[in-house]
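All remarks here apply to the structure that follows.
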Amino acid sequence: MPKIEIDGKTIQVDSGINILQACELIGIEIPRFCYHEKLSIAGNCRMCLVEMEGSNKPVASCAMPVADGMKIKTKSEFVKKARNGVMEFLLINHPLDCPVCDQGGECDLQDQAMAYGNGISRYFEKKRAVKDKYIGPLIKTHMTRCIHCTRCVRFGEEIGGIEQLGATGRGEDTEITTFLEKSICSELSGNVIDLCPVGALTSKPYSYIARPWELKKIDSIDVMDAVGSNIRVDTKADKIMRILPRINESINEEWISDKTRFAYDGLSSQRIDKPFVKNNGRFNELSYSELFLILKEKFSNVKKSKFFALIGNTVDCETIFSFKHFLMKNGLYNFDCRQDNSFFIPKDRSSYVFNSTISGIDETDLCLLIGCDPKVEAPILNARIRKRFLNYESQYPVGKIGLTSKLNYESIQISNDSSGIEMLLSNEHKFSSYLRKAKKPIFIIGQGALCNKNAEKIFYKARELYDSLNIEENWNGFNILQTFSGRTGALDLEFYSNENVNKNTDFLENIYNGSINLLYLFAADEIDFSKVPSTTFVIYQGHHGDAGANRADLIIPTTCFTEKQGIYINVEGRPQISAQIKSPISNVMHSWDFFLELSKYIGSKLDYKNLSELRELMFSKYPVVKNINKIKKNKLQKTKFVRTFNANEILKSNISNFYMTDVVSKNSKTMAECSKMFLAKS
Amino acid sequence: MTSSFKEFASDSLQPKEFSFTAENLREAKIVLKRYPKDYPEGALMPLLTLAQKQSKGWLPKKAIEYIASFLKVSEIKVLEIATFYSMYNLSPVGKNHIEVCTTTPCMLRGSDDILKVCEKFLNINSGSVSKDKRFSLTEVECLGACVNAPVIKIDQDYFEDLDSKSTLNLLDCLAENKTVKKGSQIMRRGTEPVRRK
């Protein structure tokens with residue numbers, strides 16, 4: 001371990017790190033534009049210059065690895081002069097438009113010009129002007145401001161797999177652009193906005209909306225997909241202005257997907273704010289007492305077997321638990337959380353979570369995708385796979401069974417249908433040779449493989465293949481990729497009727513064939529409403545109007561995820577708390593309060609009186625929800641042997657449009673624009 | 001330096017298609033063999049040169065796309081190279097493409113005058129094509145023949161040790177399709193010291 005001296009302090013550091021990182025270790029801040037922890041080193045902005053003994057010239061600290069006996073000065077007059085010079089050069093062509101620039105107030109160049117700049121310009125020459133580029137509906141460009149740090153280009157190559165951005169020309173003529181100004185077509189493109197140290201790449205939906213110092217910043221959790229990315233929500237006057245990523249190395253590192261970042265505008269349209277009842281095809285407003293009257297009548301008249309309740313895909317644990325509690329207190333046991341009727345094993349957590357964990361992907365030596373399209377279902381998780389692919393010592397083998405979009409790493413297509421599993425088992429495919437060698441493989445079983453008639457067989461056949469491998473002890477790489485933020489929680493809280501699951505009843509068929517008289521949908525919009533018979537009375541409780549509310553006979557408003565604190569369990573089985581961003585709109589009750597009121601009215605009694613009691617109750621019954629931010633490792637349970645395997649099921653992801661997967665993203669104008677732009681092409 | 005011939009030609013000038021002729025394809029395959037198998041993108045520059053030669057001195061959009069798919073690299077990577085180096089042109093050039101070096105050594109030896117002579121004779125500004133499409137003129141960065149500065153390059157040939165008179169003479173000959181003397185214009189052999197009388 002080399003010993004170096006920085007500003008008179010001697011420290012011992014790991015070899016292989018650079019001077020900039022060493023300085024950070026002892027709390028010395030080095031200014032920089034092009035250097036970024038997650039990207040490769042470019043060394044082109046020259047802002048991080050430091051003085052090194054024995055060198056006549058200042059050295060770029062980001063590009064200089066530490067060596068034993070180095071003596072570094074970061075605060076000398078020499079360094080100050082060097083940085084001052086670099087700053088002056090950077091500002092020669094940078095416009096003085098901070099008052100109209102969206103980056104103003106959180107701009108690296110602005111901050112560093114204050115700290116290291118001259119304050120007065122010595123230049124009277126004309127500044128260079130660069131034409132703005134169109135690179136899609138999400139990113140606004142103002143290329144005159146660009147200082148050519150190439151962070152965006154490196155992000156594209158190294159993280160996002162977007163080989164579309166590049167720097168053309170040279171010297172003064174350098175411009176960042178895409179080939180023929182094509183839009184950047186990627187699920188992670190929004191991250192270049194955060195990376196850009198100046199105002200060259202800014203958010204289009206956020207343009208000219210707010211200044212960073214006006215915003216209230218709240219840490220929360222994303223619910224647009226099952227990954228549970230950590231986010232920061234910036235609000236102004238109770239309205240969401242923008243969403244930014246928060247660093248969590250074990251989940252999303254520093255990135256979020258475009259849906260997470262931009263779908264929030266869907267929150268403000270089609271909001272259900274009052275109870276409604278359908279009379280002769282028209283919705284009429286109701287008061288809560290009228291609503292309770294109708295509900296009491298409906299609940300008292302329905303036969304228990306003719307009732308069915310479905311809960312939606314993005315519902316928090318508290319709501320799921322209070323709904324289940326309410327139903328069971330009223331003797332109603334017919335409910336489920338799987339609108340797609342996907343396969344899982346009750347009480348076996350390893351059958352529905354991502355067992356290897358997301359950060360576990362970094363250790364793997366093989367990846368097999370079965371009916372799963374990670375790029376569309378969980379772009380952040382896909383970026384991890386890509387990272388592993390790029391960092392792996394030799395060729396990282398990725399096998400695919402089923403159809404996917406164009407992945408941004410090399411993969412071997414084994415088959416389009418489930419027959420691939422059998423081919424691998426009997427060593428008929430060249431991918432088997434990789435499998436046999438793997439010590440820490442991951443299998444990722446997508447919902448595309450688990451939402452069909454043969455799901456059980458496919459699941460167990462995949463297990464058979466996994467178990468046949470020569471796997472390191474204590475490694476569980478048999479992963480199920482959930483696609484919705486509320487699903488793992490609902491399965492953990494057992495929001496399904498044991499009877500249905502054990503008998504493998506197709507409850508959706510029951511709903512469609514009219515054997516259900518009263519259908520209670522809690523934010524469930526994904527069933528085929530054209531098949532629900534008109535004689536079924538449909539209650540829809542939710543926050544945004546979409547397919548479910550459209551078909552409903554009775555609409556009950558509820559608070560949406562930004563209006564309450566709620567626990568969500570992510571794809572790995574990690575409970576996280578999403579924050580309350582704004583106060584609920586008037587006259588709309590939290591789901592748990594609503595069920596409390598309703599049971600008072602219809603004469604049943606619930607075991608909680610408020611949210612904290614509800615949580616206590618939930619934690620005591622389902623302790624797994626209690627360990628916020630912690631993951632309990634799962635062991636694989638015993639498997640069943642599949643005798644006859646009909647391997648002709650074409651496997652296809654359950655998500656066809658990345659940009660629209662729930663009521664919020666479906667109501668989002670930004671997402672609509674993206675799907676129009678990017679899906680027409682592919 | 002103002003960049004010239006570095007912006008794509010208008011769509012009306014862009015050919016609909018581009019692919020290597022059989023002869024050039026053979027050549028391209030020979031070129032590819034010179035580079036490591038895992039890094040075919042190494043062959044990017046010679047292939048761009050080949051494509052430029054095939055389409056009369058400039059690279060249409062289609063040629064860039066063709067080379068990108070030929071080497072399996074992204075189009076923007078090809079464009080980065082094609083715009084970085086001054087020897088690639090993205091819009092049509094004249095039959096005689098004159099590149100005047102204006103980097104420091106040539107500038108000190110009078111390249112400004114030479115550029116002016118060229119502009120006056122051809123009646124065009126640097127970075128454009130003459131009306132009859134026989135000449136195009138551009139300034140370039142160092143052509144690497146500083147010893148014999150000032151230097152201009154016309155297509156593949158260098159003309160060195162120039163002054164206003166010899167440049168004018170050279171342009172006259174080209175305009176009248178006469179043969180011209182390549183290399184040094186003051187009878188210097190290679191880069192030998194000039195003998196003073």
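Ordered as shown in the structure tokens, chains take letters A, B, and onward, while each chain numbers its residues from 1 and ligands are numbered from 1 in the order shown.
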Closest contacts (chain A/chain B, max 12 Å, only C-alpha atoms) as CSV:
```
residue,atom,partner,partner_atom,distance
A:Arg128,CA,B:Thr2,CA,11.4
A:Val153,CA,B:Ile76,CA,10.5
A:Gly156,CA,B:Ser74,CA,11.7
A:Glu157,CA,B:Ser74,CA,10.5
A:Gly161,CA,B:Ser74,CA,11.1
A:Ile162,CA,B:Ser74,CA,9.6
A:Glu163,CA,B:Ser74,CA,6.1
A:Gln164,CA,B:Ile76,CA,6.0
A:Leu165,CA,B:Ile76,CA,6.7
A:Gly166,CA,B:Ile76,CA,5.8
A:Ala167,CA,B:Glu80,CA,6.0
A:Thr168,CA,B:Glu80,CA,4.4
A:Gly169,CA,B:Phe84,CA,4.5
A:Arg170,CA,B:Phe84,CA,5.2
A:Gly171,CA,B:Phe84,CA,8.8
A:Glu172,CA,B:Met1,CA,8.5
A:Asp173,CA,B:Ser3,CA,7.3
A:Thr174,CA,B:Phe84,CA,8.5
A:Glu175,CA,B:Glu80,CA,9.7
A:Ile176,CA,B:Glu80,CA,9.7
A:Thr177,CA,B:Ile76,CA,8.3
A:Thr178,CA,B:Ile76,CA,6.3
A:Phe179,CA,B:Ile76,CA,5.1
A:Leu180,CA,B:Ile76,CA,8.7
A:Glu181,CA,B:Ile76,CA,10.1
A:Lys182,CA,B:Ile76,CA,10.4
A:Ile184,CA,B:Ile76,CA,11.9
```
Name all residues at most 7 Å from segment 251-265 of chain A (count only C-alpha atoms; drop same-chain ones fewer than 2 positions away) and give them as a PDB file with all heavy atoms, in the first residue's frame.
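Output (out-v7.pdb):
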```
ATOM      1  N   GLU A 187     -33.968   3.350 -22.163  1.00  0.00           N
ATOM      2  CA  GLU A 187     -34.785   3.472 -20.962  1.00  0.00           C
ATOM      3  C   GLU A 187     -34.050   4.247 -19.877  1.00  0.00           C
ATOM      4  O   GLU A 187     -34.623   4.583 -18.856  1.00  0.00           O
ATOM      5  CB  GLU A 187     -35.158   2.083 -20.429  1.00  0.00           C
ATOM      6  CG  GLU A 187     -36.121   1.302 -21.295  1.00  0.00           C
ATOM      7  CD  GLU A 187     -35.435   0.649 -22.478  1.00  0.00           C
ATOM      8  OE1 GLU A 187     -34.191   0.597 -22.496  1.00  0.00           O
ATOM      9  OE2 GLU A 187     -36.136   0.201 -23.399  1.00  0.00           O
ATOM     10  N   LEU A 188     -32.771   4.499 -20.079  1.00  0.00           N
ATOM     11  CA  LEU A 188     -31.987   5.162 -19.037  1.00  0.00           C
ATOM     12  C   LEU A 188     -31.491   6.543 -19.468  1.00  0.00           C
ATOM     13  O   LEU A 188     -30.640   7.131 -18.823  1.00  0.00           O
ATOM     14  CB  LEU A 188     -30.776   4.295 -18.663  1.00  0.00           C
ATOM     15  CG  LEU A 188     -31.068   2.957 -18.000  1.00  0.00           C
ATOM     16  CD1 LEU A 188     -29.803   2.139 -17.886  1.00  0.00           C
ATOM     17  CD2 LEU A 188     -31.670   3.151 -16.633  1.00  0.00           C
ATOM     18  N   SER A 189     -32.021   7.046 -20.583  1.00  0.00           N
ATOM     19  CA  SER A 189     -31.437   8.257 -21.176  1.00  0.00           C
ATOM     20  C   SER A 189     -31.472   9.451 -20.236  1.00  0.00           C
ATOM     21  O   SER A 189     -30.588  10.302 -20.278  1.00  0.00           O
ATOM     22  CB  SER A 189     -32.157   8.594 -22.478  1.00  0.00           C
ATOM     23  OG  SER A 189     -33.488   8.981 -22.213  1.00  0.00           O
ATOM     24  N   GLY A 190     -32.470   9.532 -19.354  1.00  0.00           N
ATOM     25  CA  GLY A 190     -32.602  10.697 -18.479  1.00  0.00           C
ATOM     26  C   GLY A 190     -31.413  10.930 -17.578  1.00  0.00           C
ATOM     27  O   GLY A 190     -31.193  12.047 -17.117  1.00  0.00           O
ATOM     28  N   ASN A 191     -30.621   9.899 -17.338  1.00  0.00           N
ATOM     29  CA  ASN A 191     -29.494  10.057 -16.427  1.00  0.00           C
ATOM     30  C   ASN A 191     -28.427  11.015 -16.940  1.00  0.00           C
ATOM     31  O   ASN A 191     -27.658  11.557 -16.144  1.00  0.00           O
ATOM     32  CB  ASN A 191     -28.861   8.697 -16.136  1.00  0.00           C
ATOM     33  CG  ASN A 191     -29.785   7.825 -15.321  1.00  0.00           C
ATOM     34  OD1 ASN A 191     -30.166   8.184 -14.223  1.00  0.00           O
ATOM     35  ND2 ASN A 191     -30.203   6.709 -15.880  1.00  0.00           N
ATOM     36  N   ASP A 222     -39.201   4.644  -5.532  1.00  0.00           N
ATOM     37  CA  ASP A 222     -39.940   4.603  -6.792  1.00  0.00           C
ATOM     38  C   ASP A 222     -40.879   3.405  -6.822  1.00  0.00           C
ATOM     39  O   ASP A 222     -40.546   2.330  -6.330  1.00  0.00           O
ATOM     40  CB  ASP A 222     -38.934   4.497  -7.939  1.00  0.00           C
ATOM     41  CG  ASP A 222     -39.628   4.178  -9.237  1.00  0.00           C
ATOM     42  OD1 ASP A 222     -40.578   4.902  -9.557  1.00  0.00           O
ATOM     43  OD2 ASP A 222     -39.242   3.224  -9.912  1.00  0.00           O
ATOM     44  N   MET A 224     -42.640   2.691  -9.879  1.00  0.00           N
ATOM     45  CA  MET A 224     -42.998   2.448 -11.279  1.00  0.00           C
ATOM     46  C   MET A 224     -42.591   1.052 -11.761  1.00  0.00           C
ATOM     47  O   MET A 224     -43.153   0.523 -12.685  1.00  0.00           O
ATOM     48  CB  MET A 224     -42.337   3.504 -12.173  1.00  0.00           C
ATOM     49  CG  MET A 224     -42.930   4.867 -12.001  1.00  0.00           C
ATOM     50  SD  MET A 224     -44.660   4.888 -12.480  1.00  0.00           S
ATOM     51  CE  MET A 224     -45.273   6.147 -11.397  1.00  0.00           C
ATOM     52  N   SER A 229     -36.180   1.649  -6.958  1.00  0.00           N
ATOM     53  CA  SER A 229     -35.079   2.609  -7.003  1.00  0.00           C
ATOM     54  C   SER A 229     -35.284   3.684  -5.949  1.00  0.00           C
ATOM     55  O   SER A 229     -36.398   4.103  -5.692  1.00  0.00           O
ATOM     56  CB  SER A 229     -35.032   3.294  -8.368  1.00  0.00           C
ATOM     57  OG  SER A 229     -34.823   2.359  -9.377  1.00  0.00           O
ATOM     58  N   ASN A 230     -34.186   4.138  -5.366  1.00  0.00           N
ATOM     59  CA  ASN A 230     -34.266   5.209  -4.384  1.00  0.00           C
ATOM     60  C   ASN A 230     -34.298   6.539  -5.118  1.00  0.00           C
ATOM     61  O   ASN A 230     -33.471   6.798  -5.996  1.00  0.00           O
ATOM     62  CB  ASN A 230     -33.056   5.162  -3.445  1.00  0.00           C
ATOM     63  CG  ASN A 230     -33.142   3.986  -2.495  1.00  0.00           C
ATOM     64  OD1 ASN A 230     -32.542   3.975  -1.444  1.00  0.00           O
ATOM     65  ND2 ASN A 230     -33.931   2.975  -2.872  1.00  0.00           N
ATOM     66  N   ILE A 243     -38.187  14.391 -10.407  1.00  0.00           N
ATOM     67  CA  ILE A 243     -37.738  13.246  -9.622  1.00  0.00           C
ATOM     68  C   ILE A 243     -36.294  12.950  -9.996  1.00  0.00           C
ATOM     69  O   ILE A 243     -35.945  12.895 -11.184  1.00  0.00           O
ATOM     70  CB  ILE A 243     -38.654  12.033  -9.867  1.00  0.00           C
ATOM     71  CG1 ILE A 243     -40.012  12.306  -9.191  1.00  0.00           C
ATOM     72  CG2 ILE A 243     -38.033  10.753  -9.324  1.00  0.00           C
ATOM     73  CD1 ILE A 243     -41.045  11.278  -9.438  1.00  0.00           C
ATOM     74  N   LEU A 244     -35.454  12.800  -8.979  1.00  0.00           N
ATOM     75  CA  LEU A 244     -34.030  12.553  -9.205  1.00  0.00           C
ATOM     76  C   LEU A 244     -33.627  11.270  -8.487  1.00  0.00           C
ATOM     77  O   LEU A 244     -34.276  10.858  -7.535  1.00  0.00           O
ATOM     78  CB  LEU A 244     -33.212  13.719  -8.643  1.00  0.00           C
ATOM     79  CG  LEU A 244     -33.449  15.089  -9.273  1.00  0.00           C
ATOM     80  CD1 LEU A 244     -32.671  16.146  -8.525  1.00  0.00           C
ATOM     81  CD2 LEU A 244     -33.033  15.084 -10.731  1.00  0.00           C
ATOM     82  N   PRO A 245     -32.547  10.642  -8.923  1.00  0.00           N
ATOM     83  CA  PRO A 245     -32.107   9.433  -8.226  1.00  0.00           C
ATOM     84  C   PRO A 245     -31.383   9.764  -6.927  1.00  0.00           C
ATOM     85  O   PRO A 245     -30.851  10.855  -6.764  1.00  0.00           O
ATOM     86  CB  PRO A 245     -31.139   8.790  -9.217  1.00  0.00           C
ATOM     87  CG  PRO A 245     -30.647   9.903 -10.048  1.00  0.00           C
ATOM     88  CD  PRO A 245     -31.735  10.919 -10.118  1.00  0.00           C
ATOM     89  N   ARG A 246     -31.405   8.810  -6.008  1.00  0.00           N
ATOM     90  CA  ARG A 246     -30.650   8.900  -4.783  1.00  0.00           C
ATOM     91  C   ARG A 246     -29.700   7.716  -4.817  1.00  0.00           C
ATOM     92  O   ARG A 246     -30.052   6.654  -5.318  1.00  0.00           O
ATOM     93  CB  ARG A 246     -31.634   8.737  -3.621  1.00  0.00           C
ATOM     94  CG  ARG A 246     -31.250   9.396  -2.350  1.00  0.00           C
ATOM     95  CD  ARG A 246     -32.515   9.754  -1.548  1.00  0.00           C
ATOM     96  NE  ARG A 246     -33.595   8.786  -1.570  1.00  0.00           N
ATOM     97  CZ  ARG A 246     -33.780   7.831  -0.645  1.00  0.00           C
ATOM     98  NH1 ARG A 246     -32.933   7.673   0.329  1.00  0.00           N
ATOM     99  NH2 ARG A 246     -34.823   7.015  -0.716  1.00  0.00           N
ATOM    100  N   ILE A 247     -28.496   7.886  -4.301  1.00  0.00           N
ATOM    101  CA  ILE A 247     -27.529   6.794  -4.401  1.00  0.00           C
ATOM    102  C   ILE A 247     -27.890   5.670  -3.453  1.00  0.00           C
ATOM    103  O   ILE A 247     -28.136   5.887  -2.271  1.00  0.00           O
ATOM    104  CB  ILE A 247     -26.102   7.299  -4.097  1.00  0.00           C
ATOM    105  CG1 ILE A 247     -25.714   8.369  -5.124  1.00  0.00           C
ATOM    106  CG2 ILE A 247     -25.098   6.148  -4.099  1.00  0.00           C
ATOM    107  CD1 ILE A 247     -24.370   8.991  -4.897  1.00  0.00           C
ATOM    108  N   ASN A 248     -28.019   4.473  -3.988  1.00  0.00           N
ATOM    109  CA  ASN A 248     -28.134   3.270  -3.176  1.00  0.00           C
ATOM    110  C   ASN A 248     -27.392   2.176  -3.920  1.00  0.00           C
ATOM    111  O   ASN A 248     -27.887   1.624  -4.905  1.00  0.00           O
ATOM    112  CB  ASN A 248     -29.598   2.886  -2.956  1.00  0.00           C
ATOM    113  CG  ASN A 248     -29.731   1.730  -1.991  1.00  0.00           C
ATOM    114  OD1 ASN A 248     -28.801   0.937  -1.840  1.00  0.00           O
ATOM    115  ND2 ASN A 248     -30.869   1.629  -1.341  1.00  0.00           N
ATOM    116  N   GLU A 249     -26.177   1.903  -3.462  1.00  0.00           N
ATOM    117  CA  GLU A 249     -25.298   1.004  -4.214  1.00  0.00           C
ATOM    118  C   GLU A 249     -25.890  -0.387  -4.383  1.00  0.00           C
ATOM    119  O   GLU A 249     -25.597  -1.086  -5.333  1.00  0.00           O
ATOM    120  CB  GLU A 249     -23.931   0.893  -3.525  1.00  0.00           C
ATOM    121  CG  GLU A 249     -23.110   2.168  -3.581  1.00  0.00           C
ATOM    122  CD  GLU A 249     -22.765   2.600  -4.994  1.00  0.00           C
ATOM    123  OE1 GLU A 249     -22.672   1.736  -5.879  1.00  0.00           O
ATOM    124  OE2 GLU A 249     -22.609   3.819  -5.207  1.00  0.00           O
ATOM    125  N   LEU A 267     -49.658  11.891 -12.511  1.00  0.00           N
ATOM    126  CA  LEU A 267     -50.338  11.976 -11.214  1.00  0.00           C
ATOM    127  C   LEU A 267     -51.407  13.057 -11.192  1.00  0.00           C
ATOM    128  O   LEU A 267     -52.362  12.986 -10.437  1.00  0.00           O
ATOM    129  CB  LEU A 267     -49.314  12.275 -10.112  1.00  0.00           C
ATOM    130  CG  LEU A 267     -48.460  11.103  -9.644  1.00  0.00           C
ATOM    131  CD1 LEU A 267     -47.289  11.607  -8.840  1.00  0.00           C
ATOM    132  CD2 LEU A 267     -49.290  10.150  -8.824  1.00  0.00           C
ATOM    133  N   SER A 268     -51.205  14.076 -12.018  1.00  0.00           N
ATOM    134  CA  SER A 268     -52.121  15.207 -11.899  1.00  0.00           C
ATOM    135  C   SER A 268     -53.297  15.154 -12.874  1.00  0.00           C
ATOM    136  O   SER A 268     -54.114  16.055 -12.892  1.00  0.00           O
ATOM    137  CB  SER A 268     -51.345  16.516 -12.059  1.00  0.00           C
ATOM    138  OG  SER A 268     -50.524  16.432 -13.186  1.00  0.00           O
ATOM    139  N   ILE A 358     -29.917  -7.823  -6.245  1.00  0.00           N
ATOM    140  CA  ILE A 358     -29.459  -7.072  -7.413  1.00  0.00           C
ATOM    141  C   ILE A 358     -27.947  -6.900  -7.377  1.00  0.00           C
ATOM    142  O   ILE A 358     -27.258  -7.101  -8.371  1.00  0.00           O
ATOM    143  CB  ILE A 358     -30.170  -5.702  -7.481  1.00  0.00           C
ATOM    144  CG1 ILE A 358     -31.677  -5.908  -7.706  1.00  0.00           C
ATOM    145  CG2 ILE A 358     -29.594  -4.849  -8.589  1.00  0.00           C
ATOM    146  CD1 ILE A 358     -32.509  -4.673  -7.600  1.00  0.00           C
ATOM    147  N   SER A 359     -27.414  -6.576  -6.196  1.00  0.00           N
ATOM    148  CA  SER A 359     -25.960  -6.404  -6.146  1.00  0.00           C
ATOM    149  C   SER A 359     -25.241  -7.738  -6.306  1.00  0.00           C
ATOM    150  O   SER A 359     -24.076  -7.777  -6.676  1.00  0.00           O
ATOM    151  CB  SER A 359     -25.547  -5.725  -4.839  1.00  0.00           C
ATOM    152  OG  SER A 359     -26.040  -6.452  -3.744  1.00  0.00           O
ATOM    153  N   PRO A 379     -35.082  -1.798 -16.182  1.00  0.00           N
ATOM    154  CA  PRO A 379     -33.883  -1.269 -16.844  1.00  0.00           C
ATOM    155  C   PRO A 379     -32.689  -1.113 -15.903  1.00  0.00           C
ATOM    156  O   PRO A 379     -31.546  -1.284 -16.324  1.00  0.00           O
ATOM    157  CB  PRO A 379     -34.326   0.102 -17.346  1.00  0.00           C
ATOM    158  CG  PRO A 379     -35.793   0.073 -17.366  1.00  0.00           C
ATOM    159  CD  PRO A 379     -36.236  -0.908 -16.336  1.00  0.00           C
ATOM    160  N   ILE A 380     -32.961  -0.821 -14.629  1.00  0.00           N
ATOM    161  CA  ILE A 380     -31.859  -0.624 -13.679  1.00  0.00           C
ATOM    162  C   ILE A 380     -31.153  -1.955 -13.428  1.00  0.00           C
ATOM    163  O   ILE A 380     -29.929  -2.037 -13.388  1.00  0.00           O
ATOM    164  CB  ILE A 380     -32.421  -0.053 -12.364  1.00  0.00           C
ATOM    165  CG1 ILE A 380     -32.994   1.339 -12.596  1.00  0.00           C
ATOM    166  CG2 ILE A 380     -31.367  -0.042 -11.280  1.00  0.00           C
ATOM    167  CD1 ILE A 380     -31.983   2.382 -12.990  1.00  0.00           C
ATOM    168  N   TYR A 659     -43.024   2.291 -21.353  1.00  0.00           N
ATOM    169  CA  TYR A 659     -43.394   3.620 -20.883  1.00  0.00           C
ATOM    170  C   TYR A 659     -44.770   3.663 -20.226  1.00  0.00           C
ATOM    171  O   TYR A 659     -45.127   4.635 -19.593  1.00  0.00           O
ATOM    172  CB  TYR A 659     -43.333   4.625 -22.029  1.00  0.00           C
ATOM    173  CG  TYR A 659     -41.932   4.769 -22.560  1.00  0.00           C
ATOM    174  CD1 TYR A 659     -41.529   4.116 -23.717  1.00  0.00           C
ATOM    175  CD2 TYR A 659     -41.000   5.517 -21.869  1.00  0.00           C
ATOM    176  CE1 TYR A 659     -40.236   4.236 -24.178  1.00  0.00           C
ATOM    177  CE2 TYR A 659     -39.699   5.639 -22.326  1.00  0.00           C
ATOM    178  CZ  TYR A 659     -39.319   4.993 -23.479  1.00  0.00           C
ATOM    179  OH  TYR A 659     -38.034   5.111 -23.924  1.00  0.00           O
ATOM    180  N   VAL A 664     -50.611   5.628 -13.527  1.00  0.00           N
ATOM    181  CA  VAL A 664     -49.917   6.913 -13.540  1.00  0.00           C
ATOM    182  C   VAL A 664     -49.150   7.104 -14.845  1.00  0.00           C
ATOM    183  O   VAL A 664     -49.290   8.111 -15.520  1.00  0.00           O
ATOM    184  CB  VAL A 664     -48.990   7.035 -12.306  1.00  0.00           C
ATOM    185  CG1 VAL A 664     -48.174   8.303 -12.377  1.00  0.00           C
ATOM    186  CG2 VAL A 664     -49.807   7.009 -11.034  1.00  0.00           C
ATOM    187  N   SER A 665     -48.371   6.083 -15.204  1.00  0.00           N
ATOM    188  CA  SER A 665     -47.613   6.236 -16.447  1.00  0.00           C
ATOM    189  C   SER A 665     -48.535   6.241 -17.667  1.00  0.00           C
ATOM    190  O   SER A 665     -48.214   6.842 -18.677  1.00  0.00           O
ATOM    191  CB  SER A 665     -46.541   5.158 -16.563  1.00  0.00           C
ATOM    192  OG  SER A 665     -47.070   3.889 -16.354  1.00  0.00           O
ATOM    193  N   SER A 668     -49.629   9.740 -18.166  1.00  0.00           N
ATOM    194  CA  SER A 668     -48.564  10.725 -18.303  1.00  0.00           C
ATOM    195  C   SER A 668     -48.387  11.137 -19.765  1.00  0.00           C
ATOM    196  O   SER A 668     -48.264  10.307 -20.655  1.00  0.00           O
ATOM    197  CB  SER A 668     -47.262  10.123 -17.764  1.00  0.00           C
ATOM    198  OG  SER A 668     -46.167  10.810 -18.298  1.00  0.00           O
ATOM    199  N   LYS A 669     -48.366  12.437 -19.961  1.00  0.00           N
ATOM    200  CA  LYS A 669     -48.190  12.946 -21.337  1.00  0.00           C
ATOM    201  C   LYS A 669     -46.776  12.659 -21.833  1.00  0.00           C
ATOM    202  O   LYS A 669     -46.575  12.330 -22.992  1.00  0.00           O
ATOM    203  CB  LYS A 669     -48.435  14.456 -21.350  1.00  0.00           C
ATOM    204  CG  LYS A 669     -49.896  14.797 -21.451  1.00  0.00           C
ATOM    205  CD  LYS A 669     -50.097  16.282 -21.637  1.00  0.00           C
ATOM    206  CE  LYS A 669     -51.560  16.604 -21.451  1.00  0.00           C
ATOM    207  NZ  LYS A 669     -51.785  17.802 -20.634  1.00  0.00           N
ATOM    208  N   THR A 670     -45.802  12.819 -20.931  1.00  0.00           N
ATOM    209  CA  THR A 670     -44.410  12.580 -21.331  1.00  0.00           C
ATOM    210  C   THR A 670     -44.236  11.136 -21.788  1.00  0.00           C
ATOM    211  O   THR A 670     -43.593  10.868 -22.798  1.00  0.00           O
ATOM    212  CB  THR A 670     -43.469  12.844 -20.143  1.00  0.00           C
ATOM    213  OG1 THR A 670     -43.904  14.011 -19.478  1.00  0.00           O
ATOM    214  CG2 THR A 670     -42.055  13.002 -20.583  1.00  0.00           C
ATOM    215  N   MET A 671     -44.830  10.221 -21.016  1.00  0.00           N
ATOM    216  CA  MET A 671     -44.689   8.808 -21.350  1.00  0.00           C
ATOM    217  C   MET A 671     -45.415   8.497 -22.661  1.00  0.00           C
ATOM    218  O   MET A 671     -44.968   7.686 -23.460  1.00  0.00           O
ATOM    219  CB  MET A 671     -45.240   7.942 -20.218  1.00  0.00           C
ATOM    220  CG  MET A 671     -44.427   7.988 -18.952  1.00  0.00           C
ATOM    221  SD  MET A 671     -42.773   7.295 -19.122  1.00  0.00           S
ATOM    222  CE  MET A 671     -41.758   8.748 -19.193  1.00  0.00           C
TER     223      MET A 671
END
```
Q | Ser468 of chain A surroundings by only C-alpha atoms, 10 Å radius, close-in-sequence under 5 positions cut, as number ranges by chain | A | A: 425, 435-436, 462-463
Q: Grab the atom CA of Gly486 of chain A to atom CA of Ser322 of chain A distance for me, in Å with one decimal place.
A: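 So the answer is 14.2 Å.
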Q: Name all residues at most 8 Å from Ile139 of chain A (count only C-alpha atoms; drop same-chain ones fewer than 4 positions away) and give them as a PyMOL selection string.
A: chain A and resi 135+190+193+201-204
Q) Could you write out, as a ChimeraX atom specification, all the residues of chain B that DSSP marks as helix (DSSP H, G or I)? A) /B:22-33,40-54,61-71,75-84,104-108,111-122,146-148,164-175
**Q.** Which of B:Thr104, B:Ser128, B:Pro36, B:Val31 sits closest to Cys142 of chain B [using only C-alpha atoms]
**A.**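 Selected residue with least distance to Cys142 of chain B: B:Thr104.
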